[in-house]
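Enquirer: Input structure: query.pdb, which contains PDB, C-alpha atoms and all ligand atoms.
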```
ATOM      1  CA  MET A   1    -156.841-126.903 100.504
ATOM      2  CA  PHE A   2    -159.773-128.953  99.184
ATOM      3  CA  GLN A   3    -157.273-131.440  97.704
ATOM      4  CA  ASN A   4    -155.958-132.055 101.222
ATOM      5  CA  ILE A   5    -159.473-132.618 102.544
ATOM      6  CA  GLU A   6    -160.126-135.138  99.736
ATOM      7  CA  ARG A   7    -156.854-136.915 100.610
ATOM      8  CA  LEU A   8    -157.774-136.945 104.295
ATOM      9  CA  SER A   9    -161.235-138.352 103.476
ATOM     10  CA  GLN A  10    -159.705-141.150 101.403
ATOM     11  CA  LEU A  11    -157.287-142.003 104.211
ATOM     12  CA  ILE A  12    -160.063-142.072 106.819
ATOM     13  CA  ALA A  13    -162.133-144.325 104.544
ATOM     14  CA  LYS A  14    -159.214-146.717 103.995
ATOM     15  CA  LYS A  15    -157.770-146.938 107.516
ATOM     16  CA  ASN A  16    -159.118-148.835 110.536
ATOM     17  CA  LYS A  17    -156.542-148.087 113.232
ATOM     18  CA  ILE A  18    -156.607-144.330 113.429
ATOM     19  CA  LEU A  19    -154.927-142.629 116.362
ATOM     20  CA  PHE A  20    -156.191-139.136 117.180
ATOM     21  CA  PHE A  21    -154.070-136.801 119.279
ATOM     22  CA  THR A  22    -156.288-133.925 120.363
ATOM     23  CA  GLY A  23    -155.666-130.541 121.963
ATOM     24  CA  ALA A  24    -157.568-127.534 123.203
ATOM     25  CA  GLY A  25    -158.354-126.346 119.630
ATOM     26  CA  LEU A  26    -160.812-129.257 119.273
ATOM     27  CA  SER A  27    -163.033-127.754 121.980
ATOM     28  CA  THR A  28    -162.993-124.048 121.085
ATOM     29  CA  SER A  29    -166.161-124.473 119.023
ATOM     30  CA  SER A  30    -167.808-125.933 122.164
ATOM     31  CA  GLY A  31    -167.100-122.606 123.853
ATOM     32  CA  ILE A  32    -163.946-123.566 125.798
ATOM     33  CA  LYS A  33    -161.003-121.271 125.205
ATOM     34  CA  ASP A  34    -157.629-122.791 124.311
ATOM     35  CA  PHE A  35    -154.330-121.658 125.843
ATOM     36  CA  ARG A  36    -152.297-120.300 122.970
ATOM     37  CA  GLY A  37    -154.759-119.622 120.121
ATOM     38  CA  THR A  38    -155.552-116.036 119.083
ATOM     39  CA  ASN A  39    -158.385-115.755 121.647
ATOM     40  CA  GLY A  40    -156.703-118.150 124.107
ATOM     41  CA  ILE A  41    -156.786-118.024 127.900
ATOM     42  CA  TYR A  42    -153.150-116.917 128.025
ATOM     43  CA  GLN A  43    -154.098-113.567 126.451
ATOM     44  CA  THR A  44    -156.255-112.541 129.420
ATOM     45  CA  ILE A  45    -155.676-114.815 132.370
ATOM     46  CA  GLY A  46    -152.634-113.065 133.861
ATOM     47  CA  ASP A  47    -154.504-109.774 134.347
ATOM     48  CA  LYS A  48    -157.768-111.404 135.467
ATOM     49  CA  TYR A  49    -156.198-113.316 138.364
ATOM     50  CA  ASN A  50    -153.144-111.138 138.956
ATOM     51  CA  LEU A  51    -150.835-114.065 138.235
ATOM     52  CA  PRO A  52    -147.050-113.796 138.023
ATOM     53  CA  TYR A  53    -147.345-115.326 134.511
ATOM     54  CA  PRO A  54    -150.230-117.165 132.747
ATOM     55  CA  GLU A  55    -148.912-120.721 133.249
ATOM     56  CA  SER A  56    -148.923-120.285 137.041
ATOM     57  CA  LEU A  57    -152.688-120.945 137.060
ATOM     58  CA  PHE A  58    -151.800-124.573 136.253
ATOM     59  CA  GLU A  59    -148.652-124.844 138.341
ATOM     60  CA  ILE A  60    -148.777-127.131 141.342
ATOM     61  CA  ASN A  61    -146.658-124.847 143.548
ATOM     62  CA  PHE A  62    -148.900-121.879 142.826
ATOM     63  CA  PHE A  63    -152.075-123.970 143.401
ATOM     64  CA  ASN A  64    -150.730-125.076 146.786
ATOM     65  CA  LYS A  65    -150.460-121.444 147.828
ATOM     66  CA  ASN A  66    -153.565-120.113 146.098
ATOM     67  CA  PRO A  67    -156.154-122.533 144.646
ATOM     68  CA  LEU A  68    -158.759-119.800 144.079
ATOM     69  CA  PRO A  69    -157.781-118.768 140.501
ATOM     70  CA  PHE A  70    -157.872-122.411 139.359
ATOM     71  CA  TYR A  71    -161.302-123.069 140.937
ATOM     72  CA  ASP A  72    -162.589-119.798 139.533
ATOM     73  CA  PHE A  73    -161.301-120.769 136.069
ATOM     74  CA  SER A  74    -162.958-124.213 136.430
ATOM     75  CA  LYS A  75    -166.284-122.495 137.101
ATOM     76  CA  GLU A  76    -166.334-121.396 133.461
ATOM     77  CA  LEU A  77    -166.125-125.045 132.402
ATOM     78  CA  PHE A  78    -168.810-126.317 134.777
ATOM     79  CA  ASN A  79    -171.408-123.654 135.419
ATOM     80  CA  HIS A  80    -173.119-124.135 132.067
ATOM     81  CA  GLU A  81    -173.621-127.168 129.892
ATOM     82  CA  ILE A  82    -170.800-127.711 127.424
ATOM     83  CA  LYS A  83    -171.617-129.904 124.461
ATOM     84  CA  PRO A  84    -169.240-131.911 122.277
ATOM     85  CA  SER A  85    -168.443-130.304 118.924
ATOM     86  CA  PHE A  86    -169.269-131.754 115.505
ATOM     87  CA  SER A  87    -165.723-133.156 115.405
ATOM     88  CA  HIS A  88    -165.963-134.889 118.816
ATOM     89  CA  ASN A  89    -169.135-136.555 117.515
ATOM     90  CA  PHE A  90    -167.536-137.420 114.172
ATOM     91  CA  ILE A  91    -164.609-139.124 115.988
ATOM     92  CA  SER A  92    -167.084-141.012 118.177
ATOM     93  CA  ALA A  93    -168.910-142.176 115.022
ATOM     94  CA  LEU A  94    -165.568-143.438 113.645
ATOM     95  CA  GLU A  95    -165.059-145.443 116.852
ATOM     96  CA  LYS A  96    -168.486-147.046 116.469
ATOM     97  CA  MET A  97    -167.342-148.109 112.982
ATOM     98  CA  SER A  98    -164.249-149.752 114.595
ATOM     99  CA  LYS A  99    -161.882-147.331 112.893
ATOM    100  CA  ILE A 100    -160.078-145.991 115.980
ATOM    101  CA  SER A 101    -156.976-147.376 117.676
ATOM    102  CA  LEU A 102    -156.865-144.684 120.381
ATOM    103  CA  ILE A 103    -157.841-141.106 121.164
ATOM    104  CA  VAL A 104    -155.037-139.477 123.110
ATOM    105  CA  THR A 105    -156.265-136.185 124.470
ATOM    106  CA  GLN A 106    -154.506-133.388 126.294
ATOM    107  CA  ASN A 107    -157.928-131.916 127.055
ATOM    108  CA  ILE A 108    -159.462-132.029 130.495
ATOM    109  CA  ASP A 109    -163.005-131.132 129.463
ATOM    110  CA  MET A 110    -164.274-134.743 129.151
ATOM    111  CA  LEU A 111    -165.974-133.913 125.831
ATOM    112  CA  HIS A 112    -164.684-137.089 124.160
ATOM    113  CA  GLU A 113    -166.442-139.086 126.906
ATOM    114  CA  LYS A 114    -169.587-136.959 126.502
ATOM    115  CA  SER A 115    -169.648-137.680 122.763
ATOM    116  CA  GLY A 116    -169.651-141.429 123.492
ATOM    117  CA  SER A 117    -166.002-142.270 122.754
ATOM    118  CA  LYS A 118    -164.499-145.010 124.903
ATOM    119  CA  LYS A 119    -160.936-145.576 123.700
ATOM    120  CA  ILE A 120    -159.554-142.478 125.398
ATOM    121  CA  LEU A 121    -156.234-141.776 127.045
ATOM    122  CA  ASN A 122    -156.587-138.602 129.117
ATOM    123  CA  CYS A 123    -152.891-137.831 129.220
ATOM    124  CA  HIS A 124    -153.413-134.706 131.334
ATOM    125  CA  GLY A 125    -155.905-136.456 133.604
ATOM    126  CA  SER A 126    -159.454-135.227 134.075
ATOM    127  CA  TYR A 127    -161.907-133.726 136.548
ATOM    128  CA  ASN A 128    -163.533-137.136 137.088
ATOM    129  CA  THR A 129    -161.796-137.640 140.430
ATOM    130  CA  ALA A 130    -159.832-135.536 142.913
ATOM    131  CA  HIS A 131    -157.655-136.009 145.960
ATOM    132  CA  CYS A 132    -156.618-134.121 149.050
ATOM    133  CA  LEU A 133    -153.118-132.723 148.700
ATOM    134  CA  LYS A 134    -152.481-133.314 152.426
ATOM    135  CA  CYS A 135    -154.001-136.688 153.459
ATOM    136  CA  LYS A 136    -154.416-138.062 149.868
ATOM    137  CA  THR A 137    -158.092-139.035 150.383
ATOM    138  CA  HIS A 138    -159.816-139.646 147.035
ATOM    139  CA  PHE A 139    -163.019-137.927 145.979
ATOM    140  CA  ASN A 140    -165.495-138.667 143.206
ATOM    141  CA  PHE A 141    -166.714-135.927 140.883
ATOM    142  CA  ASN A 142    -170.097-135.535 142.632
ATOM    143  CA  GLN A 143    -168.296-134.780 145.914
ATOM    144  CA  PHE A 144    -166.628-131.622 144.553
ATOM    145  CA  GLU A 145    -168.860-130.747 141.570
ATOM    146  CA  ASN A 146    -170.589-127.913 143.472
ATOM    147  CA  ASN A 147    -167.229-126.278 144.213
ATOM    148  CA  LEU A 148    -166.298-126.398 140.540
ATOM    149  CA  LYS A 149    -169.633-124.761 139.711
ATOM    150  CA  SER A 150    -169.274-122.036 142.332
ATOM    151  CA  GLY A 151    -165.523-121.522 141.923
ATOM    152  CA  ILE A 152    -164.930-121.883 145.677
ATOM    153  CA  PRO A 153    -162.012-124.184 146.560
ATOM    154  CA  LYS A 154    -162.964-127.353 148.445
ATOM    155  CA  ASN A 155    -161.130-128.355 151.579
ATOM    156  CA  CYS A 156    -160.837-131.832 152.999
ATOM    157  CA  LYS A 157    -161.890-132.691 156.579
ATOM    158  CA  CYS A 158    -158.163-132.669 157.429
ATOM    159  CA  GLY A 159    -157.903-129.067 156.214
ATOM    160  CA  GLY A 160    -155.922-129.900 153.041
ATOM    161  CA  ILE A 161    -156.931-128.519 149.635
ATOM    162  CA  ILE A 162    -158.747-130.859 147.270
ATOM    163  CA  LYS A 163    -157.258-130.876 143.786
ATOM    164  CA  PRO A 164    -159.024-132.398 140.785
ATOM    165  CA  ASP A 165    -156.865-135.111 139.217
ATOM    166  CA  ILE A 166    -155.821-133.079 136.206
ATOM    167  CA  ILE A 167    -152.093-132.861 135.594
ATOM    168  CA  PHE A 168    -150.521-129.547 136.469
ATOM    169  CA  PHE A 169    -147.175-128.243 135.297
ATOM    170  CA  GLY A 170    -144.672-129.805 137.698
ATOM    171  CA  GLU A 171    -146.601-133.087 138.022
ATOM    172  CA  GLN A 172    -145.960-136.493 136.498
ATOM    173  CA  LEU A 173    -148.262-137.686 133.683
ATOM    174  CA  PRO A 174    -150.342-140.834 134.366
ATOM    175  CA  GLU A 175    -148.536-144.193 134.187
ATOM    176  CA  LYS A 176    -150.851-145.122 131.283
ATOM    177  CA  PHE A 177    -149.279-142.377 129.149
ATOM    178  CA  TYR A 178    -145.748-143.796 129.582
ATOM    179  CA  HIS A 179    -147.072-147.311 128.986
ATOM    180  CA  THR A 180    -148.606-146.114 125.691
ATOM    181  CA  ILE A 181    -145.320-144.496 124.657
ATOM    182  CA  GLU A 182    -143.542-147.808 125.306
ATOM    183  CA  ASN A 183    -146.306-149.985 123.830
ATOM    184  CA  PRO A 184    -148.313-147.892 121.352
ATOM    185  CA  PRO A 185    -151.415-149.540 119.908
ATOM    186  CA  ASP A 186    -151.159-150.686 116.310
ATOM    187  CA  THR A 187    -151.851-147.570 114.247
ATOM    188  CA  ASP A 188    -152.302-146.974 110.516
ATOM    189  CA  LEU A 189    -153.055-143.237 110.492
ATOM    190  CA  LEU A 190    -152.216-140.431 112.888
ATOM    191  CA  ILE A 191    -154.319-137.264 113.102
ATOM    192  CA  VAL A 192    -153.355-134.326 115.331
ATOM    193  CA  LEU A 193    -156.148-131.853 116.047
ATOM    194  CA  GLY A 194    -155.931-128.359 117.536
ATOM    195  CA  SER A 195    -152.654-128.606 119.410
ATOM    196  CA  SER A 196    -149.720-126.228 119.384
ATOM    197  CA  LEU A 197    -147.603-129.307 120.289
ATOM    198  CA  THR A 198    -145.691-127.255 122.826
ATOM    199  CA  VAL A 199    -146.613-129.048 126.074
ATOM    200  CA  GLN A 200    -144.122-131.838 126.744
ATOM    201  CA  PRO A 201    -143.939-134.748 127.271
ATOM    202  CA  ALA A 202    -147.473-135.224 125.795
ATOM    203  CA  ALA A 203    -146.569-133.591 122.475
ATOM    204  CA  MET A 204    -143.812-136.126 121.801
ATOM    205  CA  LEU A 205    -146.362-138.946 121.467
ATOM    206  CA  PRO A 206    -147.397-138.361 117.827
ATOM    207  CA  ILE A 207    -143.781-138.029 116.734
ATOM    208  CA  LEU A 208    -142.822-141.309 118.486
ATOM    209  CA  ILE A 209    -145.778-143.153 116.961
ATOM    210  CA  LYS A 210    -144.894-141.816 113.505
ATOM    211  CA  LYS A 211    -141.346-143.163 113.984
ATOM    212  CA  LYS A 212    -142.554-146.559 115.146
ATOM    213  CA  PHE A 213    -145.210-147.271 112.502
ATOM    214  CA  ASN A 214    -144.092-144.925 109.716
ATOM    215  CA  VAL A 215    -147.737-144.045 109.070
ATOM    216  CA  GLU A 216    -149.088-140.963 107.373
ATOM    217  CA  MET A 217    -149.467-138.094 109.814
ATOM    218  CA  VAL A 218    -152.007-135.307 109.437
ATOM    219  CA  ILE A 219    -152.286-132.058 111.401
ATOM    220  CA  ILE A 220    -155.349-129.817 111.436
ATOM    221  CA  ASN A 221    -154.798-126.484 113.140
ATOM    222  CA  ASN A 222    -155.969-122.986 112.290
ATOM    223  CA  GLN A 223    -152.401-121.656 112.788
ATOM    224  CA  SER A 224    -149.074-123.100 111.816
ATOM    225  CA  THR A 225    -147.094-124.991 114.454
ATOM    226  CA  GLU A 226    -143.341-125.413 114.834
ATOM    227  CA  PHE A 227    -143.721-129.048 113.787
ATOM    228  CA  ASP A 228    -145.733-128.714 110.554
ATOM    229  CA  ALA A 229    -142.761-129.867 108.441
ATOM    230  CA  LEU A 230    -142.948-133.339 110.049
ATOM    231  CA  PHE A 231    -146.500-133.904 108.783
ATOM    232  CA  ASP A 232    -147.574-135.448 105.467
ATOM    233  CA  ILE A 233    -150.783-133.419 105.313
ATOM    234  CA  VAL A 234    -151.074-129.979 106.918
ATOM    235  CA  ILE A 235    -154.500-128.329 106.982
ATOM    236  CA  HIS A 236    -154.655-124.787 108.339
ATOM    237  CA  GLN A 237    -158.373-124.509 108.869
ATOM    238  CA  ASP A 238    -161.066-124.729 111.509
ATOM    239  CA  ILE A 239    -161.381-128.377 112.655
ATOM    240  CA  ASP A 240    -165.198-128.571 112.477
ATOM    241  CA  THR A 241    -165.167-127.065 108.972
ATOM    242  CA  VAL A 242    -162.684-129.745 107.874
ATOM    243  CA  PHE A 243    -164.664-132.661 109.349
ATOM    244  CA  LYS A 244    -167.972-131.320 108.049
ATOM    245  CA  ASN A 245    -166.348-131.377 104.591
ATOM    246  CA  VAL A 246    -164.899-134.850 105.185
ATOM    247  CA  ASN A 247    -168.330-136.006 106.337
ATOM    248  CA  SER A 248    -170.059-134.598 103.290
ATOM    249  CA  ILE A 249    -167.656-136.702 101.206
ATOM    250  CA  LEU A 250    -167.922-139.894 103.339
ATOM    251  CA  ASN A 251    -171.351-139.508 104.910
ATOM    252  CA  TYR A 252    -170.367-141.280 108.154
ATOM    253  CA  TYR A 253    -172.135-139.120 110.692
ATOM    254  CA  TYR A 254    -175.621-137.662 110.710
ATOM    255  CA  GLN A 255    -176.295-134.646 112.899
ATOM    256  CA  GLU A 256    -179.929-133.678 113.475
TER
HETATM  257  P1  LIG A 301    -152.858-124.799 122.875
HETATM  258  O1  LIG A 301    -151.406-124.638 123.116
HETATM  259  O2  LIG A 301    -153.773-123.749 123.387
HETATM  260  O3  LIG A 301    -153.050-124.952 121.285
HETATM  261  C1  LIG A 301    -154.320-125.000 120.691
HETATM  262  C2  LIG A 301    -154.122-124.871 119.191
HETATM  263  O4  LIG A 301    -155.355-125.078 118.551
HETATM  264  C3  LIG A 301    -153.606-123.482 118.778
HETATM  265  O5  LIG A 301    -152.507-123.650 117.902
HETATM  266  C4  LIG A 301    -154.812-122.859 118.067
HETATM  267  O6  LIG A 301    -154.407-122.001 117.028
HETATM  268  C5  LIG A 301    -155.544-124.086 117.556
HETATM  269  N1  LIG A 301    -157.003-123.912 117.408
HETATM  270  C6  LIG A 301    -157.856-123.260 118.236
HETATM  271  N2  LIG A 301    -159.133-123.360 117.818
HETATM  272  C7  LIG A 301    -159.077-124.081 116.655
HETATM  273  C8  LIG A 301    -160.055-124.500 115.732
HETATM  274  N3  LIG A 301    -161.365-124.228 115.899
HETATM  275  N4  LIG A 301    -159.660-125.187 114.645
HETATM  276  C9  LIG A 301    -158.336-125.476 114.447
HETATM  277  N5  LIG A 301    -157.365-125.099 115.303
HETATM  278  C10 LIG A 301    -157.725-124.426 116.401
HETATM  279  O7  LIG A 301    -153.406-126.185 123.450
HETATM  280  P2  LIG A 301    -152.724-127.633 123.478
HETATM  281  O8  LIG A 301    -153.836-128.572 123.604
HETATM  282  O9  LIG A 301    -151.695-127.807 122.444
HETATM  283  O10 LIG A 301    -151.924-127.524 124.871
HETATM  284  C11 LIG A 301    -152.034-128.477 125.793
HETATM  285  C12 LIG A 301    -152.646-127.958 127.093
HETATM  286  C13 LIG A 301    -153.858-127.106 126.896
HETATM  287  C14 LIG A 301    -153.135-129.128 127.875
HETATM  288  O11 LIG A 301    -152.473-129.167 129.092
HETATM  289  C15 LIG A 301    -154.629-128.932 128.099
HETATM  290  O12 LIG A 301    -155.041-129.463 129.328
HETATM  291  C16 LIG A 301    -154.805-127.472 128.030
HETATM  292  N6  LIG A 301    -156.158-126.943 127.762
HETATM  293  C17 LIG A 301    -157.227-127.781 127.630
HETATM  294  C18 LIG A 301    -158.487-127.261 127.397
HETATM  295  C19 LIG A 301    -159.657-128.204 127.273
HETATM  296  O13 LIG A 301    -159.685-129.221 127.960
HETATM  297  N7  LIG A 301    -160.619-127.891 126.371
HETATM  298  C20 LIG A 301    -158.663-125.865 127.259
HETATM  299  C21 LIG A 301    -157.539-125.042 127.408
HETATM  300  C22 LIG A 301    -156.292-125.595 127.651
END
```
Show this structure as structure tokens.
Expert:
Amino acid sequence: MFQNIERLSQLIAKKNKILFFTGAGLSTSSGIKDFRGTNGIYQTIGDKYNLPYPESLFEINFFNKNPLPFYDFSKELFNHEIKPSFSHNFISALEKMSKISLIVTQNIDMLHEKSGSKKILNCHGSYNTAHCLKCKTHFNFNQFENNLKSGIPKNCKCGGIIKPDIIFFGEQLPEKFYHTIENPPDTDLLIVLGSSLTVQPAAMLPILIKKKFNVEMVIINNQSTEFDALFDIVIHQDIDTVFKNVNSILNYYYQE
């Protein structure tokens, strides 16, 4: 295992166009549960909200009928301060050193932004804005923040439900995602963090970039994924533990 961390450290030191593809496992150490990990939301959510099946919480048709479970779930993200993890901060430090081509995240927690990263593609959208499902009026975060904190769905003046602009199952990904698939930024190393790589079409992005640039591809995940065989380096460990080790080799980031 340590050999792999040494190899990863050498690659990070050598490369200046690193593309990170991040998933929910990057934020578990910040206190946000993932979907499919051992303590993931999918283990408990169905019973808590009496859902037909766990994914329905994030299905647009279900939300249209009953937005309460989604707002109640969002409350857990917004009613206390969530801080970026060591690894979010390490990635942000790499960006300040001009070593990042892009951070493609499936996460909706905005922790990359909070850690100071700028080159972010939120491929499942974010809570930054919202719109009314009926009249399409747009809302800024501060106009619905209190509803996210209280877990009470917000309605528009027209009576429609206001939905944060995160991508639900059954919705199209942002145009920027498809543009990136067609025109990926020049990349010399690909690192996938904390994703089961099961949610399509987002999960196809690392594989397409690997094909295009034939770069080394690394996955860090505490469980195996179906796609491990496609990776050059597979590290089955906690992400923060890995980057703390990488950082003690490279000394790029200082945490007080
Ligand atoms: P997922 O399917 O839940 O997979 C997460 C993976 O990370 C699992 O394989 C875990 O075993 C692994 N993992 C968990 N914690 C760690 C850790 N500390 N170190 C290493 N590995 C770990 O999540 P994906 O991101 O693949 O699925 C995409 C969905 C999840 C997107 O639509 C997201 O919007 C959605 N999601 C996002 C958040 C968030 O924004 N933080 C939280 C929960 C779900």
Enquirer: Quick one: residues within 8 Å of ligand LIG 301 (chain A), with only C-alpha atoms and all ligand atoms, as number ranges by chain?
Expert: A: 22-29, 32-38, 40-41, 106-110, 124, 166-168, 193-199, 203, 220-225, 236-240
Enquirer: Do you know which residues the PyMOL selection byres (((chain A and resi 96) around 12) and not hetatm) returns on this file, as number ranges by chain?
Expert: A: 16, 89-95, 97-101, 115-119, 252-253
Enquirer: Keeping only C-alpha atoms, write the selected residues to a file as a compact mmCIF listing (two decimals), in the coordinates of the input.
Expert:
```txt
# COMPACT_ATOMS: atom_id res chain seq x y z
CA ASN A 16 -159.12 -148.84 110.54
CA ASN A 89 -169.14 -136.56 117.52
CA PHE A 90 -167.54 -137.42 114.17
CA ILE A 91 -164.61 -139.12 115.99
CA SER A 92 -167.08 -141.01 118.18
CA ALA A 93 -168.91 -142.18 115.02
CA LEU A 94 -165.57 -143.44 113.64
CA GLU A 95 -165.06 -145.44 116.85
CA MET A 97 -167.34 -148.11 112.98
CA SER A 98 -164.25 -149.75 114.60
CA LYS A 99 -161.88 -147.33 112.89
CA ILE A 100 -160.08 -145.99 115.98
CA SER A 101 -156.98 -147.38 117.68
CA SER A 115 -169.65 -137.68 122.76
CA GLY A 116 -169.65 -141.43 123.49
CA SER A 117 -166.00 -142.27 122.75
CA LYS A 118 -164.50 -145.01 124.90
CA LYS A 119 -160.94 -145.58 123.70
CA TYR A 252 -170.37 -141.28 108.15
CA TYR A 253 -172.14 -139.12 110.69
```
Enquirer: Compare A:Leu208, A:Gln43, A:Val246, A:Leu19 by their minimum atom-to-atom distance to A:Pro185, counting all atoms listed in the file, and give me the closest one.
Expert: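 The closest residue to A:Pro185 is A:Leu19.
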Enquirer: Return as an NGL selection string the set of residues that the PyMOL selection byres (((chain A and resi 209) around 10) and not hetatm) yields on the displayed structure.
Expert: :A and (19 or 180-190 or 204-208 or 210-215 or 217)
Enquirer: Draw an axis-aligned box tight on the listed atoms of stretch 188-194 of chain A, then pad every side by 6 Å and write out centre and edge lengths in Å to one decimal as AutoDock Vina command-line options.
Expert:
```
--center_x -154.2 --center_y -137.7 --center_z 114.0 --size_x 15.9 --size_y 30.6 --size_z 19.0
```
Enquirer: Figure out the distance between atom CA of A:Ser9 and atom CA of A:Asn247, please, to one decimal in Å.
Expert: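 Pair atom CA of A:Asn247 / atom CA of A:Ser9 returns 8.0 Å.
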Enquirer: Report as an MDAnalysis selection string all protein, DNA and RNA residues lying within 8 Å of A:Leu68, evaluated on all atoms listed in the file, omitting residues in the same chain fewer than 2 positions from it.
Expert: chainID A and resid 63 66 70:72 151:153
Enquirer: Could you tell me how far atom CA of A:His131 lies from atom CA of A:His80, in Å and to one decimal?
Expert: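 If I compute the distance from atom CA of A:His131 to atom CA of A:His80, I get 23.9 Å.
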